[in-house]
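Here the structure comes first, spelled out in structure tokens, and everything after it is commentary.
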Amino acid sequence: MSALSPGYHLYGWATPNTHRVTILLEELGLQYSVTGVNIRAREQFVPHILALNPFGKIPIILEQRAGAAPLVLFESGAILLHLAEAHGRFLPAGVSERAATLTWLMVALTGLGPAMGQAHHWTDLAPEKPEAAKDYALASVARVWSLLDLRLAEVPYLAGADYSIADIAAFPWITRPGWAARRLEDTPNIARWHDRIAARPAVQRGIAMPRGAVLA
């Protein structure tokens, strides 16, 4: 590892937001280590994790810097942007291409992920599952999936012609359609996009991290 290639330490679990980061780390070919933080066991609230992220959420990444304390980042979108900018990949420099990438990245961060998470909560995790809450959550998912399917009818990747951090942010949530009572085959453009990305070796390695972690 050269002085120009910092090492990284990731705190995460087998969650879509963690997989956003592990996929990008693998795509960039970066050296990193991982500490598992089992969110079902509420390990995200132990003191040493809260010292890194007072919000008590994963993923968290530490970037080692020569002669300085590690740089600490949390929130998956912030980590994606930092890594893409630092390493000059998956975030285009051209004005229109960059704007498209940031736009669809925000759809994944603020639309897709939260909607899927709420749907999973109200259809599976919540001890009580009121119909109104479930219906609202599933309708929110349907809206964003419809938007993505329409977009992917026009372009191969969310930002346009090229694979980017917008795709990396969306993909791990799309791999869990059952969380929102959906089937990939019902949105054929998303399905084609999903299969294209799932075939990437770096994506396969990223989805397998942290090794042994299971989100039951």
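For the structure tokens, the naming scheme is as follows: chains receive sequential letters (A, B, ...) according to their order of presentation, residues are indexed from 1 within each chain, and ligands are indexed from 1 in presentation order.
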
task = Based on DSSP run over this structure's backbone, return all residues of region 12-75 of chain A in helix (DSSP H, G or I), as a PyMOL selection string.
result = chain A and resi 16-28+39-41+43-45+47-52

May I have the residues within 9 Å of Ala181 (chain A) as a PDB file with C-alpha atoms, in the first residue's frame, using only C-alpha atoms and disregarding those fewer than 2 positions away in the same chain?
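So the final result, stored in out.pdb, reads:
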ATOM      1  CA  ALA A 119     -41.890  -1.081   3.831  1.00  0.00           C
ATOM      2  CA  HIS A 120     -39.672  -3.699   5.434  1.00  0.00           C
ATOM      3  CA  THR A 123     -44.548  -5.613   6.491  1.00  0.00           C
ATOM      4  CA  LEU A 138     -45.841  -0.006  -0.208  1.00  0.00           C
ATOM      5  CA  PRO A 177     -37.700  -6.791  -3.530  1.00  0.00           C
ATOM      6  CA  GLY A 178     -39.380  -9.086  -1.012  1.00  0.00           C
ATOM      7  CA  TRP A 179     -38.976  -6.406   1.647  1.00  0.00           C
ATOM      8  CA  ARG A 183     -40.961  -8.963  -7.870  1.00  0.00           C
TER       9      ARG A 183
END

key: Between CA of Arg89 (chain A) and CA of Gly7 (chain A), distance in Å (one decimal)   = 17.3 Å

task = Provide the CA of Ser164 (chain A) to CA of Ala199 (chain A) distance in Å, to one decimal place.
result =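 Between these atoms lies a distance of 15.3 Å.
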
request  = Find the spatial neighbours of Ala180 (chain A), counting only C-alpha atoms, within a cut-off of 12 Å - ignore same-chain residues fewer than 6 positions away - and output them as a PyMOL selection string.
outcome  = chain A and resi 112-125+134-145+173-174

message = Measuring between only C-alpha atoms, which one of A:His194, A:Ala169, A:Asn189, A:Asp149 shows the shortest distance to Thr15 (chain A)?
response =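 With only C-alpha atoms as the atom set, the closest residue is A:Ala169.
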